[in-house]
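Peer 1: This is protein-v3.tsv, which holds TSV, C-alpha atoms:
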```tsv
chain	number	residue	atom	x	y	z
K	8	MET	CA	-15.62	0.04	26.38
K	9	SER	CA	-14.51	-3.28	27.74
K	10	SER	CA	-13.66	-6.55	26.06
K	11	PHE	CA	-12.94	-9.69	28.03
K	12	GLY	CA	-11.30	-12.27	25.76
K	13	ILE	CA	-11.53	-16.03	26.17
K	14	SER	CA	-7.75	-16.27	26.47
K	15	GLY	CA	-7.75	-14.10	29.56
K	16	THR	CA	-6.72	-10.90	27.78
K	17	ASN	CA	-8.72	-7.96	29.05
K	18	VAL	CA	-8.91	-4.68	27.18
K	19	HIS	CA	-10.32	-1.42	28.48
K	20	VAL	CA	-10.55	1.75	26.39
K	21	VAL	CA	-11.74	5.14	27.56
K	22	LEU	CA	-12.95	7.40	24.75
K	23	GLU	CA	-13.53	11.10	25.14
K	24	GLN	CA	-13.82	14.10	22.91
K	25	ALA	CA	-10.59	15.50	21.52
K	26	PRO	CA	-9.64	18.96	22.77
K	27	GLU	CA	-10.52	21.95	20.64
K	28	PRO	CA	-7.61	23.07	18.43
K	29	ASP	CA	-5.63	26.02	19.70
K	30	SER	CA	-6.29	28.86	17.26
K	31	THR	CA	-2.95	30.45	18.13
K	32	THR	CA	-0.99	27.43	16.87
K	33	GLU	CA	0.64	28.07	13.51
K	34	PRO	CA	0.38	25.40	10.83
K	35	THR	CA	3.33	23.11	10.42
K	36	PRO	CA	5.60	24.43	7.67
K	37	PRO	CA	6.20	22.13	4.69
K	38	CYS	CA	9.27	19.96	4.98
K	39	SER	CA	12.41	21.24	3.31
K	40	GLY	CA	14.60	19.17	1.06
K	41	PRO	CA	13.78	16.54	-1.56
K	42	VAL	CA	10.26	15.08	-1.63
K	43	PRO	CA	9.38	11.80	-3.43
K	44	TRP	CA	6.13	11.24	-5.30
K	45	THR	CA	5.55	7.53	-6.00
K	46	VAL	CA	3.10	6.13	-8.54
K	47	SER	CA	2.47	2.60	-9.75
K	48	GLY	CA	0.23	0.56	-12.02
K	49	HIS	CA	-0.38	-3.03	-13.07
K	50	THR	CA	0.89	-2.17	-16.56
K	51	GLU	CA	2.99	0.58	-18.11
K	52	PRO	CA	-0.10	2.30	-19.61
K	53	ALA	CA	-1.80	2.11	-16.19
K	54	LEU	CA	1.26	3.73	-14.59
K	55	ARG	CA	1.14	6.58	-17.11
K	56	ALA	CA	-2.62	6.98	-16.56
K	57	GLN	CA	-2.11	7.17	-12.79
K	58	ALA	CA	0.57	9.83	-13.28
K	59	ALA	CA	-1.79	11.78	-15.57
K	60	ARG	CA	-4.58	11.65	-12.95
K	61	LEU	CA	-2.17	12.86	-10.27
K	62	THR	CA	-0.98	15.70	-12.51
K	63	ALA	CA	-4.58	16.77	-13.22
K	64	HIS	CA	-5.51	16.58	-9.53
K	65	VAL	CA	-2.57	18.60	-8.19
K	66	THR	CA	-2.11	21.17	-10.98
K	67	GLY	CA	-3.58	24.50	-9.94
K	68	ARG	CA	-4.36	23.32	-6.40
K	69	HIS	CA	-1.87	25.34	-4.38
K	70	ASP	CA	-3.71	24.38	-1.18
K	71	VAL	CA	-2.20	20.88	-1.49
K	72	ALA	CA	1.36	20.79	-0.14
K	73	ALA	CA	3.93	18.75	-2.07
K	74	ASP	CA	5.12	16.89	1.04
K	75	VAL	CA	1.54	15.95	1.96
K	76	VAL	CA	1.02	14.54	-1.55
K	77	GLY	CA	4.27	12.58	-1.23
K	78	ARG	CA	3.38	11.14	2.16
K	79	THR	CA	-0.14	10.23	1.00
K	80	LEU	CA	1.17	8.48	-2.10
K	81	ALA	CA	3.74	6.56	-0.05
K	82	VAL	CA	1.42	5.26	2.64
K	83	SER	CA	-2.04	4.99	1.10
K	84	ARG	CA	-1.47	3.58	-2.40
K	85	ALA	CA	-0.71	0.03	-3.44
K	86	GLY	CA	2.76	-0.69	-4.77
K	87	LEU	CA	1.92	-2.34	-8.09
K	88	GLU	CA	4.32	-3.93	-10.58
K	89	HIS	CA	5.18	-0.93	-12.77
K	90	ARG	CA	6.56	1.93	-10.66
K	91	ALA	CA	7.97	5.42	-10.90
K	92	VAL	CA	9.34	7.83	-8.32
K	93	VAL	CA	9.68	11.54	-8.94
K	94	VAL	CA	12.03	13.42	-6.61
K	95	GLY	CA	11.90	17.18	-6.41
K	96	THR	CA	12.65	20.03	-4.07
K	97	ASP	CA	9.57	22.07	-4.96
K	98	ARG	CA	6.09	21.66	-6.35
K	99	GLU	CA	7.03	22.71	-9.90
K	100	ASP	CA	9.85	20.12	-10.09
K	101	LEU	CA	7.48	17.41	-8.91
K	102	LEU	CA	4.73	18.41	-11.35
K	103	ARG	CA	7.20	18.47	-14.27
K	104	GLY	CA	8.49	15.04	-13.27
K	105	ILE	CA	5.08	13.45	-12.83
K	106	ALA	CA	3.99	14.93	-16.18
K	107	ALA	CA	7.06	13.29	-17.75
K	108	VAL	CA	5.91	9.92	-16.36
K	109	ALA	CA	2.40	10.52	-17.76
K	110	ASP	CA	3.84	11.44	-21.18
K	111	ASP	CA	6.40	8.58	-21.10
K	112	ARG	CA	9.28	11.06	-21.44
K	113	PRO	CA	12.68	10.72	-19.79
K	114	ASP	CA	13.38	13.17	-16.98
K	115	ALA	CA	16.30	13.50	-14.57
K	116	ARG	CA	13.85	13.69	-11.64
K	117	VAL	CA	12.26	10.30	-12.48
K	118	VAL	CA	13.29	6.74	-11.64
K	119	ARG	CA	11.25	3.92	-13.19
K	120	GLY	CA	11.24	0.19	-12.62
K	121	ARG	CA	9.33	-3.04	-12.21
K	122	ALA	CA	8.84	-4.87	-8.95
K	123	ARG	CA	10.10	-8.40	-8.76
K	124	GLY	CA	7.74	-11.21	-7.86
K	125	GLY	CA	7.12	-11.92	-4.20
K	126	PRO	CA	8.06	-15.04	-2.29
K	127	GLY	CA	4.93	-16.91	-3.43
K	128	PRO	CA	2.47	-18.84	-1.29
K	129	VAL	CA	2.80	-18.77	2.45
K	130	PHE	CA	1.77	-21.63	4.70
K	131	VAL	CA	0.34	-20.67	8.06
K	132	PHE	CA	0.62	-23.03	11.00
K	133	PRO	CA	-1.42	-21.35	13.71
K	134	GLY	CA	-0.51	-23.78	16.49
K	135	GLN	CA	-4.04	-23.75	17.82
K	136	GLY	CA	-5.60	-26.51	19.86
K	137	SER	CA	-7.11	-29.89	19.19
K	138	GLN	CA	-9.70	-28.66	16.69
K	139	TRP	CA	-7.00	-28.95	13.98
K	140	VAL	CA	-6.31	-32.66	14.52
K	141	GLY	CA	-8.07	-34.61	11.79
K	142	MET	CA	-9.57	-31.48	10.27
K	143	ALA	CA	-10.45	-31.96	6.57
K	144	VAL	CA	-9.88	-35.75	6.58
K	145	GLU	CA	-13.38	-36.32	5.21
K	146	LEU	CA	-12.88	-33.58	2.62
K	147	LEU	CA	-9.59	-35.16	1.59
K	148	GLU	CA	-11.40	-38.41	0.87
K	149	ALA	CA	-14.48	-36.82	-0.75
K	150	SER	CA	-12.90	-34.15	-2.98
K	151	PRO	CA	-10.30	-35.10	-5.61
K	152	VAL	CA	-9.52	-31.41	-6.22
K	153	PHE	CA	-8.84	-30.82	-2.51
K	154	ALA	CA	-6.73	-33.99	-2.36
K	155	GLU	CA	-4.71	-32.85	-5.37
K	156	TRP	CA	-3.97	-29.45	-3.79
K	157	MET	CA	-3.06	-31.07	-0.48
K	158	GLY	CA	-0.60	-33.27	-2.40
K	159	GLU	CA	0.84	-30.09	-3.96
K	160	CYS	CA	1.28	-28.61	-0.48
K	161	GLU	CA	2.93	-31.80	0.76
K	162	ARG	CA	5.44	-31.74	-2.13
K	163	ALA	CA	6.17	-28.04	-1.56
K	164	LEU	CA	6.82	-28.57	2.13
K	165	SER	CA	9.03	-31.58	1.61
```
Kindly transcribe the structure held in the file into structure tokens.

Peer 2:
Amino acid sequence: MSSFGISGTNVHVVLEQAPEPDSTTEPTPPCSGPVPWTVSGHTEPALRAQAARLTAHVTGRHDVAADVVGRTLAVSRAGLEHRAVVVGTDREDLLRGIAAVADDRPDARVVRGRARGGPGPVFVFPGQGSQWVGMAVELLEASPVFAEWMGECERALS
């Protein structure tokens, strides 16, 4: 595959089939030590519902390693406003803790909290070329709503 960009950046990628797995390789052992399971929801009831779904999904599935669940929760789920983290050293600890979140019970393995609001709107100044000069002047004159929001942006930046 080749891609020749307008800016002069050239990219070349060679793709080939991955090698066959070595059948003599042993699976990686689960990590030792504390493992966190993180859950979140837009509201407190949504947080509890998410914890209940996780409990139902993992209970009885011994083919799912606790550290894999923890890593998946940490990197593939959104961090919503209402949050809980369960820390355990084995699967049973983690399941008891996540069940406590689902049932809204206190548990020594559980930390709960709410995320604070973010920094708010972000203005992007791409620094591109001349196409930006005078852009939206006609829209500024033709649309009162656009003009009002542009005034808001001007006040925020000043």

Peer 1: Interatomic distance between atom CA of Ala91 of chain K and atom CA of Val117 of chain K?

Peer 2: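 Distance reported for this atom pair: 6.7 Å.
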
Peer 1: For each of K:Ala56, K:Val75, K:Val93, K:Val144, take the minimum atom-to-atom distance to Met157 of chain K, counting all atoms listed in the file, then give the residue where this is smallest.

Peer 2: K:Val144

Peer 1: Atom CA of Arg84 of chain K and atom CA of Arg103 of chain K, how far apart in Å?

Peer 2: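 Computing it gives 20.9 Å between the two atoms.
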
Peer 1: I'd like the interatomic distance between atom CA of Asp114 of chain K and atom CA of Leu61 of chain K, to a tenth of an Å.

Peer 2: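 Distance between the two atoms: 16.9 Å.
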
Peer 1: Determine the nearest neighbour of Arg78 of chain K from the options K:Arg98, K:His49, K:Pro43, K:Ala58, counting only C-alpha atoms.

Peer 2: K:Pro43

Peer 1: Considering only C-alpha atoms, state which residue in the set K:His89, K:His69, K:Arg123, K:Arg162 is at the smallest distance from Gln57 of chain K.

Peer 2: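 Smallest separation from Gln57 of chain K among the options: K:His89.
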
Peer 1: Using all atoms listed in the file, find the one residue out of K:Glu155, K:Leu54, K:Val92, K:Gly77 that sits nearest to Val118 of chain K.

Peer 2: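 Closest residue, counting all atoms listed in the file: K:Val92.
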
Peer 1: Could you give me, as a PyMOL selection string, the residues that have an atom at most 12 Å away from the point (3.1, 9.0, -0.1) in the coordinates of the file, using all atoms listed in the file?

Peer 2: chain K and resi 42-47+72-86+92-94

Peer 1: Once 6 Å is added on each side, what centre and edge lengths in Å to one decimal does the axis-aligned box around all listed atoms of segment 150-154 of chain K have, as AutoDock Vina command-line options?

Peer 2:
```
--center_x -9.8 --center_y -33.0 --center_z -4.3 --size_x 18.2 --size_y 16.3 --size_z 15.9
```

Peer 1: Taking only C-alpha atoms into account, which of K:Thr50, K:Val71, K:Pro41, K:Arg55 comes nearest Arg112 of chain K?

Peer 2: K:Arg55

Peer 1: Reconstruct segment 57-68 of chain K at the level of N, CA, C and O atoms, and format the result as a PDB file, in the coordinates of the input.

Peer 2:
```pdb
ATOM      1  N   GLN K  57      -2.104   6.737 -14.194  1.00  0.00           N
ATOM      2  CA  GLN K  57      -2.110   7.170 -12.790  1.00  0.00           C
ATOM      3  C   GLN K  57      -1.343   8.483 -12.638  1.00  0.00           C
ATOM      4  O   GLN K  57      -1.774   9.383 -11.923  1.00  0.00           O
ATOM      5  N   ALA K  58      -0.216   8.596 -13.322  1.00  0.00           N
ATOM      6  CA  ALA K  58       0.570   9.830 -13.280  1.00  0.00           C
ATOM      7  C   ALA K  58      -0.231  10.992 -13.880  1.00  0.00           C
ATOM      8  O   ALA K  58      -0.189  12.114 -13.364  1.00  0.00           O
ATOM      9  N   ALA K  59      -0.963  10.738 -14.945  1.00  0.00           N
ATOM     10  CA  ALA K  59      -1.790  11.780 -15.570  1.00  0.00           C
ATOM     11  C   ALA K  59      -2.897  12.237 -14.615  1.00  0.00           C
ATOM     12  O   ALA K  59      -3.179  13.436 -14.499  1.00  0.00           O
ATOM     13  N   ARG K  60      -3.531  11.277 -13.909  1.00  0.00           N
ATOM     14  CA  ARG K  60      -4.580  11.650 -12.950  1.00  0.00           C
ATOM     15  C   ARG K  60      -3.994  12.480 -11.805  1.00  0.00           C
ATOM     16  O   ARG K  60      -4.595  13.459 -11.367  1.00  0.00           O
ATOM     17  N   LEU K  61      -2.812  12.105 -11.340  1.00  0.00           N
ATOM     18  CA  LEU K  61      -2.170  12.860 -10.270  1.00  0.00           C
ATOM     19  C   LEU K  61      -1.835  14.273 -10.736  1.00  0.00           C
ATOM     20  O   LEU K  61      -2.082  15.250 -10.021  1.00  0.00           O
ATOM     21  N   THR K  62      -1.300  14.391 -11.949  1.00  0.00           N
ATOM     22  CA  THR K  62      -0.980  15.700 -12.510  1.00  0.00           C
ATOM     23  C   THR K  62      -2.227  16.574 -12.581  1.00  0.00           C
ATOM     24  O   THR K  62      -2.216  17.731 -12.146  1.00  0.00           O
ATOM     25  N   ALA K  63      -3.325  16.010 -13.096  1.00  0.00           N
ATOM     26  CA  ALA K  63      -4.580  16.770 -13.220  1.00  0.00           C
ATOM     27  C   ALA K  63      -5.121  17.172 -11.852  1.00  0.00           C
ATOM     28  O   ALA K  63      -5.638  18.279 -11.687  1.00  0.00           O
ATOM     29  N   HIS K  64      -4.976  16.292 -10.876  1.00  0.00           N
ATOM     30  CA  HIS K  64      -5.510  16.580  -9.530  1.00  0.00           C
ATOM     31  C   HIS K  64      -4.728  17.687  -8.821  1.00  0.00           C
ATOM     32  O   HIS K  64      -5.313  18.546  -8.164  1.00  0.00           O
ATOM     33  N   VAL K  65      -3.406  17.673  -8.957  1.00  0.00           N
ATOM     34  CA  VAL K  65      -2.570  18.600  -8.190  1.00  0.00           C
ATOM     35  C   VAL K  65      -2.357  19.930  -8.906  1.00  0.00           C
ATOM     36  O   VAL K  65      -2.229  20.968  -8.258  1.00  0.00           O
ATOM     37  N   THR K  66      -2.356  19.937 -10.232  1.00  0.00           N
ATOM     38  CA  THR K  66      -2.110  21.170 -10.980  1.00  0.00           C
ATOM     39  C   THR K  66      -3.162  22.217 -10.625  1.00  0.00           C
ATOM     40  O   THR K  66      -4.353  21.951 -10.653  1.00  0.00           O
ATOM     41  N   GLY K  67      -2.683  23.402 -10.271  1.00  0.00           N
ATOM     42  CA  GLY K  67      -3.580  24.500  -9.940  1.00  0.00           C
ATOM     43  C   GLY K  67      -4.131  24.467  -8.528  1.00  0.00           C
ATOM     44  O   GLY K  67      -4.808  25.392  -8.112  1.00  0.00           O
ATOM     45  N   ARG K  68      -3.870  23.406  -7.787  1.00  0.00           N
ATOM     46  CA  ARG K  68      -4.360  23.320  -6.400  1.00  0.00           C
ATOM     47  C   ARG K  68      -3.203  23.646  -5.468  1.00  0.00           C
ATOM     48  O   ARG K  68      -2.535  22.767  -4.951  1.00  0.00           O
TER      49      ARG K  68
END
```
